[in-house]
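A.B. asks: coords00.cif is reproduced in full below (mmCIF, C-alpha atoms).
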data_target
loop_
_atom_site.label_atom_id
_atom_site.label_comp_id
_atom_site.auth_asym_id
_atom_site.auth_seq_id
_atom_site.Cartn_x
_atom_site.Cartn_y
_atom_site.Cartn_z
CA MET F 1 15.15 -14.22 15.82
CA THR F 2 14.71 -17.49 13.95
CA ASN F 3 17.63 -16.89 11.61
CA SER F 4 19.84 -19.57 13.09
CA ALA F 5 17.17 -22.17 12.21
CA ILE F 6 17.18 -21.20 8.53
CA PRO F 7 19.31 -23.55 6.44
CA THR F 8 22.06 -21.74 4.57
CA ALA F 9 22.54 -21.58 0.82
CA SER F 10 25.28 -24.17 0.92
CA THR F 11 23.00 -26.89 2.27
CA LEU F 12 19.93 -26.38 0.06
CA ASP F 13 19.12 -25.56 -3.53
CA PRO F 14 17.54 -22.09 -4.02
CA GLU F 15 13.95 -23.31 -4.22
CA GLU F 16 14.24 -25.41 -1.06
CA ARG F 17 15.78 -22.43 0.70
CA PHE F 18 12.97 -20.18 -0.49
CA ASP F 19 10.35 -22.67 0.74
CA SER F 20 12.09 -23.02 4.08
CA LEU F 21 12.15 -19.24 4.52
CA ILE F 22 8.41 -19.10 3.79
CA ASP F 23 7.68 -22.02 6.12
CA SER F 24 9.66 -20.45 8.97
CA GLY F 25 7.74 -17.17 8.60
CA ALA F 26 10.84 -15.23 7.57
CA LYS F 27 10.51 -12.45 5.01
CA ILE F 28 11.73 -12.69 1.44
CA GLU F 29 13.98 -9.73 0.58
CA PRO F 30 14.67 -8.17 -2.84
CA ARG F 31 17.94 -9.92 -3.65
CA ASP F 32 16.84 -13.38 -2.51
CA TRP F 33 16.25 -16.04 -5.11
CA MET F 34 12.50 -16.45 -5.65
CA PRO F 35 10.37 -18.49 -8.07
CA ALA F 36 9.53 -16.52 -11.22
CA ALA F 37 5.83 -16.98 -10.51
CA TYR F 38 6.25 -15.53 -6.98
CA ARG F 39 8.00 -12.49 -8.45
CA GLN F 40 5.29 -12.05 -11.08
CA THR F 41 2.51 -12.43 -8.51
CA MET F 42 4.15 -9.88 -6.20
CA ILE F 43 4.69 -7.40 -9.06
CA ARG F 44 1.07 -7.77 -10.17
CA GLN F 45 -0.35 -7.43 -6.66
CA ILE F 46 1.85 -4.55 -5.45
CA ALA F 47 1.41 -2.68 -8.73
CA GLN F 48 -2.35 -3.09 -8.60
CA HIS F 49 -2.29 -1.85 -5.02
CA ALA F 50 -0.12 1.17 -5.96
CA HIS F 51 -2.35 2.01 -8.92
CA SER F 52 -5.40 1.82 -6.62
CA GLU F 53 -3.90 4.39 -4.25
CA VAL F 54 -3.07 6.74 -7.12
CA ILE F 55 -6.40 6.40 -8.96
CA GLY F 56 -8.13 6.54 -5.57
CA GLN F 57 -7.18 10.22 -5.33
CA GLN F 58 -9.68 11.08 -8.05
CA PRO F 59 -13.06 10.30 -6.44
CA GLU F 60 -12.12 12.35 -3.37
CA GLY F 61 -10.19 15.02 -5.25
CA ASN F 62 -13.55 15.64 -6.92
CA TRP F 63 -14.83 17.20 -3.67
CA ILE F 64 -11.87 19.29 -2.50
CA THR F 65 -13.20 22.52 -4.00
CA ARG F 66 -16.68 21.86 -2.59
CA ALA F 67 -15.86 20.68 0.92
CA PRO F 68 -18.44 22.27 3.26
CA THR F 69 -15.97 23.94 5.65
CA LEU F 70 -12.32 24.97 5.67
CA ARG F 71 -11.66 22.27 8.30
CA ARG F 72 -13.13 19.56 6.06
CA LYS F 73 -11.23 20.91 3.09
CA ALA F 74 -7.87 20.83 4.88
CA ILE F 75 -8.57 17.27 6.07
CA LEU F 76 -9.58 16.11 2.59
CA ILE F 77 -6.45 17.60 1.01
CA ALA F 78 -4.28 15.84 3.62
CA LYS F 79 -6.09 12.57 2.96
CA VAL F 80 -5.70 12.79 -0.80
CA GLN F 81 -2.02 13.63 -0.32
CA ASP F 82 -1.70 10.49 1.84
CA GLU F 83 -3.15 8.41 -1.00
CA ALA F 84 -0.46 9.77 -3.32
CA GLY F 85 2.15 8.92 -0.69
CA HIS F 86 0.76 5.40 -0.31
CA GLY F 87 1.03 4.93 -4.06
CA LEU F 88 4.67 6.00 -3.91
CA TYR F 89 5.55 3.67 -1.00
CA LEU F 90 4.08 0.82 -3.00
CA TYR F 91 5.72 1.71 -6.32
CA SER F 92 8.98 1.89 -4.41
CA ALA F 93 8.37 -1.64 -3.02
CA CYS F 94 7.38 -2.92 -6.47
CA GLU F 95 10.53 -1.55 -8.09
CA THR F 96 12.66 -3.70 -5.77
CA LEU F 97 11.39 -6.66 -7.82
CA GLY F 98 13.13 -5.36 -10.94
CA VAL F 99 10.27 -3.55 -12.68
CA SER F 100 10.68 0.14 -13.58
CA ARG F 101 8.38 2.99 -12.59
CA ASP F 102 7.96 3.87 -16.24
CA ASP F 103 6.82 0.34 -17.07
CA LEU F 104 4.32 0.47 -14.20
CA ASN F 105 2.93 3.79 -15.39
CA ASP F 106 2.66 2.41 -18.89
CA LEU F 107 0.89 -0.76 -17.75
CA LEU F 108 -1.68 1.36 -15.90
CA HIS F 109 -2.15 3.87 -18.69
CA THR F 110 -2.72 1.14 -21.27
CA GLY F 111 -5.09 -0.86 -19.07
CA ARG F 112 -2.81 -3.91 -18.86
CA GLN F 113 -2.70 -3.64 -15.08
CA LYS F 114 -5.80 -2.99 -13.01
CA TYR F 115 -6.65 -0.98 -9.93
CA SER F 116 -9.39 -1.61 -7.38
CA SER F 117 -12.79 -1.51 -9.06
CA ILE F 118 -14.24 0.54 -6.23
CA PHE F 119 -12.68 3.69 -7.72
CA ASN F 120 -14.74 3.31 -10.88
CA TYR F 121 -17.84 4.46 -9.02
CA PRO F 122 -18.71 8.18 -8.98
CA THR F 123 -18.77 10.42 -5.89
CA LEU F 124 -22.13 12.13 -6.27
CA THR F 125 -22.57 13.91 -2.91
CA TRP F 126 -20.52 15.10 0.05
CA ALA F 127 -21.77 12.08 2.01
CA ASP F 128 -19.69 9.94 -0.35
CA MET F 129 -16.58 11.45 1.29
CA GLY F 130 -17.87 10.07 4.58
CA VAL F 131 -18.65 6.62 3.22
CA ILE F 132 -15.35 6.34 1.35
CA GLY F 133 -13.31 7.11 4.45
CA TRP F 134 -15.41 4.96 6.73
CA LEU F 135 -16.11 1.95 4.48
CA VAL F 136 -13.76 1.98 1.48
CA ASP F 137 -10.77 2.75 3.68
CA GLY F 138 -12.21 0.52 6.39
CA ALA F 139 -12.32 -2.41 3.97
CA ALA F 140 -8.84 -1.56 2.73
CA ILE F 141 -7.54 -1.54 6.34
CA THR F 142 -9.02 -5.00 6.98
CA ASN F 143 -7.04 -6.31 4.02
CA GLN F 144 -3.93 -4.26 4.71
CA VAL F 145 -3.62 -5.25 8.37
CA MET F 146 -3.29 -8.82 7.09
CA LEU F 147 -0.73 -7.69 4.52
CA THR F 148 1.57 -6.19 7.19
CA ARG F 149 2.49 -9.87 7.74
CA THR F 150 2.87 -10.76 4.05
CA SER F 151 5.99 -12.66 3.01
CA TYR F 152 7.68 -10.05 0.81
CA GLY F 153 9.62 -7.68 3.11
CA PRO F 154 9.34 -4.39 1.19
CA TYR F 155 5.59 -4.91 0.70
CA ALA F 156 5.04 -5.72 4.38
CA ARG F 157 7.00 -2.62 5.45
CA ALA F 158 4.99 -0.38 3.11
CA MET F 159 1.82 -1.85 4.62
CA VAL F 160 2.90 -1.02 8.17
CA ARG F 161 3.41 2.59 7.19
CA ILE F 162 0.12 2.73 5.28
CA CYS F 163 -1.93 1.15 8.07
CA LYS F 164 -0.74 3.80 10.53
CA GLU F 165 -2.07 6.49 8.22
CA GLU F 166 -5.30 4.77 7.16
CA SER F 167 -6.67 4.99 10.67
CA PHE F 168 -6.98 8.77 10.28
CA HIS F 169 -8.77 8.20 6.96
CA GLN F 170 -11.37 5.92 8.44
CA ARG F 171 -12.03 8.05 11.51
CA GLN F 172 -12.43 11.29 9.54
CA GLY F 173 -14.91 9.47 7.28
CA TYR F 174 -16.94 8.19 10.21
CA GLU F 175 -16.93 11.69 11.70
CA ILE F 176 -18.48 13.03 8.48
CA MET F 177 -21.15 10.32 8.73
CA LEU F 178 -21.83 11.14 12.40
CA THR F 179 -22.31 14.80 11.54
CA LEU F 180 -24.68 14.05 8.66
CA ALA F 181 -26.59 11.38 10.59
CA GLY F 182 -27.13 13.86 13.43
CA GLY F 183 -28.13 16.66 11.07
CA SER F 184 -31.28 17.63 9.17
CA ASP F 185 -33.57 15.13 7.43
CA ALA F 186 -31.95 16.04 4.13
CA GLN F 187 -28.48 15.38 5.54
CA ARG F 188 -29.57 12.07 7.04
CA ASP F 189 -31.13 11.05 3.69
CA MET F 190 -27.92 11.98 1.93
CA ALA F 191 -25.90 9.79 4.32
CA GLN F 192 -28.30 6.84 3.85
CA ASP F 193 -28.24 7.27 0.06
CA ALA F 194 -24.43 7.19 0.01
CA LEU F 195 -24.42 4.04 2.17
CA ASN F 196 -26.96 2.43 -0.18
CA ARG F 197 -24.85 3.12 -3.23
CA TRP F 198 -21.47 2.06 -1.76
CA TRP F 199 -22.33 -0.91 0.44
CA TRP F 200 -22.28 -3.68 -2.17
CA PRO F 201 -19.29 -2.39 -4.16
CA VAL F 202 -17.40 -2.17 -0.84
CA LEU F 203 -18.18 -5.82 0.02
CA ALA F 204 -16.96 -6.77 -3.47
CA MET F 205 -13.60 -5.07 -2.74
CA PHE F 206 -12.47 -8.23 -0.92
CA GLY F 207 -12.55 -10.09 -4.23
CA PRO F 208 -14.41 -13.14 -5.50
CA PRO F 209 -15.69 -15.77 -3.07
CA ASP F 210 -13.13 -18.36 -1.97
CA SER F 211 -14.81 -20.99 -4.14
CA GLU F 212 -13.98 -18.93 -7.26
CA SER F 213 -10.76 -17.18 -6.29
CA THR F 214 -8.03 -18.33 -8.67
CA HIS F 215 -5.06 -16.94 -6.76
CA THR F 216 -5.93 -17.68 -3.14
CA GLU F 217 -4.44 -21.15 -2.74
CA GLN F 218 -1.00 -20.38 -4.19
CA SER F 219 -0.91 -16.96 -2.51
CA MET F 220 -1.56 -18.57 0.86
CA ARG F 221 1.09 -21.23 0.24
CA TRP F 222 3.58 -18.42 -0.39
CA GLY F 223 2.50 -16.39 2.61
CA ILE F 224 1.39 -13.51 0.40
CA LYS F 225 -2.15 -13.79 1.71
CA LEU F 226 -2.79 -15.06 5.21
CA GLU F 227 -6.58 -15.05 5.20
CA THR F 228 -9.15 -15.73 2.51
CA ASN F 229 -11.40 -13.18 0.79
CA ASP F 230 -14.52 -14.52 2.49
CA ASP F 231 -12.95 -14.49 5.97
CA LEU F 232 -11.81 -10.87 5.56
CA ARG F 233 -15.22 -9.87 4.18
CA GLN F 234 -16.98 -11.47 7.15
CA ARG F 235 -14.69 -9.69 9.61
CA PHE F 236 -15.41 -6.38 7.92
CA VAL F 237 -19.19 -6.89 8.04
CA ASP F 238 -19.03 -7.90 11.71
CA MET F 239 -17.07 -4.76 12.60
CA THR F 240 -19.15 -2.42 10.47
CA ILE F 241 -22.75 -3.26 11.38
CA PRO F 242 -22.52 -1.96 14.98
CA GLN F 243 -20.97 1.26 13.61
CA THR F 244 -23.88 1.53 11.17
CA ASP F 245 -26.38 0.97 13.99
CA HIS F 246 -24.76 3.76 15.98
CA LEU F 247 -25.34 6.12 13.05
CA GLY F 248 -28.98 5.05 12.90
CA LEU F 249 -28.48 4.00 9.28
CA LYS F 250 -29.30 0.68 7.60
CA VAL F 251 -27.22 -1.26 5.08
CA PRO F 252 -29.27 -2.06 1.94
CA ASP F 253 -29.51 -5.78 2.59
CA PRO F 254 -32.83 -7.37 3.68
CA GLU F 255 -31.01 -10.62 4.49
CA LEU F 256 -28.61 -9.04 6.95
CA ALA F 257 -29.08 -10.59 10.40
CA TRP F 258 -27.02 -11.64 13.40
CA ASN F 259 -26.54 -15.39 13.43
CA PRO F 260 -26.06 -16.47 17.06
CA ARG F 261 -25.02 -19.98 16.04
CA ARG F 262 -22.14 -18.76 13.84
CA GLU F 263 -21.60 -15.65 15.98
CA HIS F 264 -21.36 -13.65 12.77
CA TYR F 265 -23.67 -11.54 10.68
CA ASP F 266 -25.29 -13.33 7.74
CA PHE F 267 -25.58 -11.22 4.65
CA GLY F 268 -27.16 -11.50 1.21
CA PRO F 269 -25.52 -12.47 -2.09
CA ILE F 270 -23.11 -10.09 -3.82
CA ASP F 271 -23.77 -9.28 -7.48
CA TRP F 272 -20.58 -10.74 -8.99
CA ASP F 273 -21.78 -10.04 -12.53
CA GLU F 274 -21.63 -6.33 -11.75
CA PHE F 275 -18.20 -6.76 -10.17
CA TRP F 276 -16.77 -8.48 -13.26
CA GLU F 277 -18.34 -5.93 -15.58
CA VAL F 278 -16.57 -3.13 -13.70
CA VAL F 279 -13.30 -5.10 -13.68
CA LYS F 280 -13.61 -5.52 -17.45
CA GLY F 281 -13.82 -1.75 -17.87
CA ASN F 282 -17.58 -1.21 -18.04
CA GLY F 283 -18.09 0.59 -14.73
CA PRO F 284 -19.47 4.14 -14.57
CA CYS F 285 -16.04 5.87 -14.42
CA ASN F 286 -13.41 3.47 -15.82
CA GLN F 287 -12.63 5.52 -18.91
CA GLU F 288 -12.74 8.85 -17.11
CA ARG F 289 -10.29 7.68 -14.41
CA ILE F 290 -7.63 6.47 -16.84
CA ALA F 291 -8.09 9.40 -19.24
CA HIS F 292 -7.61 11.81 -16.35
CA LYS F 293 -4.50 9.98 -15.16
CA ARG F 294 -2.98 9.93 -18.65
CA ASP F 295 -3.73 13.61 -19.20
CA ALA F 296 -2.10 14.55 -15.90
CA TRP F 297 1.00 12.56 -16.90
CA ASP F 298 1.18 14.14 -20.37
CA GLU F 299 0.50 17.63 -19.08
CA GLY F 300 3.32 17.21 -16.57
CA ALA F 301 5.85 16.42 -19.29
CA TRP F 302 7.13 19.99 -19.45
CA VAL F 303 7.78 19.95 -15.69
CA ARG F 304 9.83 16.76 -15.97
CA GLU F 305 11.68 18.18 -18.96
CA ALA F 306 12.52 21.41 -17.12
CA ALA F 307 13.62 19.56 -13.97
CA LEU F 308 15.92 17.29 -15.96
CA ALA F 309 17.38 20.23 -17.89
CA HIS F 310 18.03 22.01 -14.60
CA ALA F 311 19.63 18.89 -13.10
CA LYS F 312 21.90 18.46 -16.15
CA LYS F 313 22.97 22.11 -16.14
CA HIS F 314 23.59 21.98 -12.41
CA SER F 315 25.66 18.77 -12.61
CA SER F 316 27.80 20.13 -15.49
CA ASP F 317 28.36 23.33 -13.46
CA ALA F 318 29.43 21.17 -10.54
CA SER F 319 31.81 19.04 -12.61
CA MET F 320 33.32 22.17 -14.22
CA SER F 321 34.00 23.77 -10.88
CA ALA F 322 35.45 20.47 -9.62
CA HIS F 323 38.05 20.65 -12.37
CA GLN F 324 39.06 24.20 -11.58
CA MET Z 1 7.99 14.50 -27.18
CA SER Z 2 11.26 12.68 -26.53
CA ASP Z 3 11.25 9.23 -24.90
CA GLU Z 4 13.13 10.69 -21.97
CA VAL Z 5 10.28 13.07 -21.21
CA ARG Z 6 7.52 10.59 -21.93
CA SER Z 7 9.15 8.48 -19.26
CA SER Z 8 10.04 10.11 -15.97
CA GLY Z 9 13.74 9.83 -16.85
CA TYR Z 10 14.50 10.45 -13.19
CA PRO Z 11 17.10 8.37 -11.35
CA LEU Z 12 16.14 6.45 -8.21
CA TRP Z 13 17.33 7.58 -4.75
CA GLU Z 14 17.32 5.60 -1.52
CA VAL Z 15 15.91 7.57 1.40
CA PHE Z 16 17.19 7.41 4.99
CA VAL Z 17 15.37 9.18 7.81
CA ARG Z 18 16.62 10.05 11.31
CA ALA Z 19 13.56 9.79 13.55
CA ASP Z 20 14.99 11.95 16.32
CA ARG Z 21 18.21 13.39 17.66
CA GLY Z 22 20.41 10.65 19.06
CA LEU Z 23 19.15 8.00 16.63
CA ASN Z 24 20.74 6.76 13.43
CA HIS Z 25 19.32 7.29 9.96
CA VAL Z 26 17.19 4.31 8.89
CA HIS Z 27 16.21 3.29 5.39
CA ALA Z 28 12.64 4.42 4.66
CA GLY Z 29 12.17 3.68 0.95
CA SER Z 30 13.05 5.33 -2.33
CA VAL Z 31 12.00 8.22 -4.57
CA HIS Z 32 12.58 9.22 -8.18
CA ALA Z 33 13.97 12.72 -8.64
CA PRO Z 34 16.08 14.61 -11.17
CA ASP Z 35 18.70 15.73 -8.63
CA ALA Z 36 19.69 15.44 -4.98
CA ALA Z 37 17.97 18.62 -3.80
CA THR Z 38 14.68 17.60 -5.40
CA ALA Z 39 15.09 14.09 -4.02
CA VAL Z 40 15.35 15.48 -0.47
CA GLN Z 41 12.21 17.56 -1.06
CA ALA Z 42 10.33 14.54 -2.45
CA ALA Z 43 11.54 12.36 0.43
CA ARG Z 44 10.23 14.94 2.90
CA ASP Z 45 6.79 14.91 1.24
CA VAL Z 46 6.61 11.14 0.88
CA TYR Z 47 8.21 9.85 4.09
CA THR Z 48 7.81 12.54 6.78
CA ARG Z 49 4.28 13.92 6.60
CA ARG Z 50 3.73 13.24 10.31
CA ALA Z 51 6.93 14.31 12.02
CA GLU Z 52 8.58 10.94 11.37
CA GLY Z 53 11.99 12.54 11.10
CA VAL Z 54 14.34 15.41 11.86
CA SER Z 55 16.89 14.67 9.12
CA ILE Z 56 16.91 13.03 5.69
CA TRP Z 57 19.70 11.50 3.62
CA VAL Z 58 19.27 10.55 -0.03
CA VAL Z 59 21.76 8.33 -1.88
CA PRO Z 60 21.66 7.39 -5.59
CA SER Z 61 20.39 3.79 -5.63
CA SER Z 62 23.07 2.95 -8.18
CA GLN Z 63 25.69 3.80 -5.53
CA VAL Z 64 24.47 1.22 -3.03
CA HIS Z 65 26.57 -1.95 -3.11
CA ALA Z 66 25.33 -4.98 -1.22
CA ALA Z 67 26.56 -8.33 0.03
CA ASP Z 68 25.42 -11.29 -2.03
CA PRO Z 69 22.41 -12.87 -0.26
CA ASP Z 70 23.40 -16.30 -1.60
CA GLU Z 71 26.55 -16.01 0.48
CA ALA Z 72 24.60 -14.85 3.51
CA GLY Z 73 25.10 -18.07 5.43
CA ASP Z 74 28.87 -18.07 5.09
CA TRP Z 75 29.10 -14.37 5.77
CA PHE Z 76 26.79 -14.03 8.70
CA ASP Z 77 26.73 -17.41 10.44
CA ASP Z 78 27.37 -17.01 14.13
CA VAL Z 79 30.03 -19.71 14.49
CA LYS Z 80 32.05 -18.20 17.33
CA PRO Z 81 29.94 -18.50 20.48
CA TYR Z 82 32.89 -17.32 22.61
CA ARG Z 83 32.25 -13.82 21.23
CA HIS Z 84 29.09 -13.65 23.35
CA PRO Z 85 29.16 -12.81 27.06
CA THR Z 86 26.83 -15.74 27.86
CA PHE Z 87 29.62 -18.14 26.79
CA TYR Z 88 31.38 -17.51 30.11
CA GLU Z 89 30.22 -18.72 33.48
CA ILE Z 90 30.77 -16.36 36.37
CA PRO Z 91 30.25 -17.70 39.92
CA GLU Z 92 27.07 -16.46 41.55
CA GLN Z 93 29.00 -15.06 44.54
CA VAL Z 94 30.73 -12.61 42.18
CA GLY Z 95 27.40 -11.01 41.35
CA HIS Z 96 26.48 -9.11 38.25
CA MET Z 97 29.18 -8.66 35.63
#
Turn this file's structure into structure tokens for me.

C.D. replies:
Amino acid sequence: MTNSAIPTASTLDPEERFDSLIDSGAKIEPRDWMPAAYRQTMIRQIAQHAHSEVIGQQPEGNWITRAPTLRRKAILIAKVQDEAGHGLYLYSACETLGVSRDDLNDLLHTGRQKYSSIFNYPTLTWADMGVIGWLVDGAAITNQVMLTRTSYGPYARAMVRICKEESFHQRQGYEIMLTLAGGSDAQRDMAQDALNRWWWPVLAMFGPPDSESTHTEQSMRWGIKLETNDDLRQRFVDMTIPQTDHLGLKVPDPELAWNPRREHYDFGPIDWDEFWEVVKGNGPCNQERIAHKRDAWDEGAWVREAALAHAKKHSSDASMSAHQ
Amino acid sequence: MSDEVRSSGYPLWEVFVRADRGLNHVHAGSVHAPDAATAVQAARDVYTRRAEGVSIWVVPSSQVHAADPDEAGDWFDDVKPYRHPTFYEIPEQVGHM
């Protein structure tokens, strides 16, 4: 380990020590001194990530009752349960920064913190379950593999756990696409239609282009991000096009072409106006997603009340018997 | 609706998972739960969906006391090299020791 090379608290002021930890590639842990802006950035990013996992249950939950076979249904339930688990790993990491779970819930429910815009699009057909696993989770993996090396320890550890599980998500999605692409004309059309609708929103998941990304520079200085939005997006496109070819499907981009000089795929411009509209709350499902989340929370109040009453009764029983 | 119920009102528990017999419990993360039994159940659902463990401990987070990281250098500096076996030179003829 590099620990012996890290200057100790007695030789440096807290900010110099923080910077030297970052520069040496060591992780920042919850009780370390950190700049207020680093803490705020981490809270915002981890919370947004956690909210995305939790809200991300809804588009797929929409198809659990209509999955075409019992096998697909069991898989989809397990996947949606994973998304809930991922949300909880991340809330747990976020709380180490001194923010409470209740505050995080409140910030989501009142729209003061965001979640990934991709979940504001509707899931219209079963093929959307294939595309979400294959491409939405595929894009998330591209970002999350980078984040396993992020500078905040609890966030990096949550990412390691999540990445292990996301691989199942992506493969089950691609398997759905393989089945549809090898099926009837109607099934093939359904697969192509889903790809057409999701392709551009998926590319936008990586965030604004580097030239307009407000957070990238500071986040890279702090080791929160290790690669830029555009680099991650390019990597995703390069990995995905051969998979698309194998399905015999086409991404809805007339400008897509292999560029032998760059050794990357070129692709057409992303509609950032649409992206910002959805971020601002004007996507097809923004209101529905938050209303559903709030209702679930409110309707669960009696469960929380009963569980707390039970815990109180049980603990007073225990303390009474301890005195006997 | 009381504030306590509007919020989760649940205390935080640290979760430790033993991956297999013969290994120690390792910190996995945390869960909110109203009591210890529910915390173990929640920890099972959150942290062991794929046979990651054979045993779970939960501890109220408020009961974990930690060393001050600002003192870490003084506490953990390795200033006594003679505690390590490599400090001592053993003649080659003696062989492995």

A.B. asks: Taking 3 positions as the minimum chain separation for residues in the same chain, which residues sit within 10 Å of Gln63 of chain Z when counting only C-alpha atoms? Answer as a PyMOL selection string.

C.D. replies: chain Z and resi 13-14+59-60+66

A.B. asks: Please identify every residue of chain Z that has at least one atom no more than 12 Å from any atom of chain F, counting all atoms listed in the file, and report them as an MDAnalysis selection string.

C.D. replies: chainID Z and resid 1:15 27:39 42:50 52 61 65:79

A.B. asks: What does the distance from atom CA of Met159 of chain F to atom CA of Ala50 of chain F come to in Å, to one decimal?

C.D. replies: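 Going from atom CA of Met159 of chain F over to atom CA of Ala50 of chain F covers 11.2 Å.
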
A.B. asks: Considering all atoms listed in the file, can you say which of F:Gly223, F:Pro68, F:Gly130, F:Gly111 comes closest to Gln170 of chain F?

C.D. replies: F:Gly130

A.B. asks: With only C-alpha atoms as the counted atoms, please give the residues lying no more than 6 Å from segment 285-291 of chain F, apart from itself and same-chain residues fewer than 4 positions off, as a PyMOL selection string.

C.D. replies: chain F and resi 120-121+281

A.B. asks: For the selection you just gave me, I'd like the residues written to a file as an mmCIF file, in the frame of the given file, keeping C-alpha atoms.

C.D. replies:
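The resulting file, selection16.cif, is reproduced below:
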data_model
loop_
_atom_site.group_PDB
_atom_site.id
_atom_site.type_symbol
_atom_site.label_atom_id
_atom_site.label_comp_id
_atom_site.auth_asym_id
_atom_site.auth_seq_id
_atom_site.Cartn_x
_atom_site.Cartn_y
_atom_site.Cartn_z
ATOM 1 C CA ASN F 120 -14.740 3.310 -10.880
ATOM 2 C CA TYR F 121 -17.840 4.460 -9.020
ATOM 3 C CA GLY F 281 -13.820 -1.750 -17.870
#

A.B. asks: One decimal, in Å: what's the spacing between atom CA of Met205 of chain F and atom CA of His49 of chain F?

C.D. replies: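 We find that atom CA of Met205 of chain F and atom CA of His49 of chain F lie 12.0 Å from each other.
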
A.B. asks: In Å, rounded to a single decimal, give me how far atom CA of Ala186 of chain F is from atom CA of Leu70 of chain F.

C.D. replies: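 Interatomic distance, atom CA of Leu70 of chain F to atom CA of Ala186 of chain F: 21.6 Å.
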
A.B. asks: For a quick check of your reading of the model, name the residues lying within 7 Å of the coordinate (-18.7, 1.8, 7.6), counting only C-alpha atoms, and write them as a ChimeraX atom specification.

C.D. replies: /F:131,134-135,138,240,243-244

A.B. asks: Do you know which residues the PyMOL selection byres ((chain F and resi 219) around 12) returns on this file, as a PyMOL selection string?

C.D. replies: chain F and resi 22+37-42+45+147+150-152+213-218+220-229

A.B. asks: Exactly which residues make up the result of the PyMOL selection byres ((chain Z and resi 55) around 10) on this file, given as a tab-separated table (two decimals) with C-alpha atoms, in the frame of the given file?

C.D. replies:
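Dumped to result14.tsv:
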chain	number	residue	atom	x	y	z
Z	16	PHE	CA	17.19	7.41	4.99
Z	17	VAL	CA	15.37	9.18	7.81
Z	18	ARG	CA	16.62	10.05	11.31
Z	19	ALA	CA	13.56	9.79	13.55
Z	20	ASP	CA	14.99	11.95	16.32
Z	21	ARG	CA	18.21	13.39	17.66
Z	24	ASN	CA	20.74	6.76	13.43
Z	25	HIS	CA	19.32	7.29	9.96
Z	40	VAL	CA	15.35	15.48	-0.47
Z	44	ARG	CA	10.23	14.94	2.90
Z	48	THR	CA	7.81	12.54	6.78
Z	52	GLU	CA	8.58	10.94	11.37
Z	53	GLY	CA	11.99	12.54	11.10
Z	54	VAL	CA	14.34	15.41	11.86
Z	56	ILE	CA	16.91	13.03	5.69
Z	57	TRP	CA	19.70	11.50	3.62
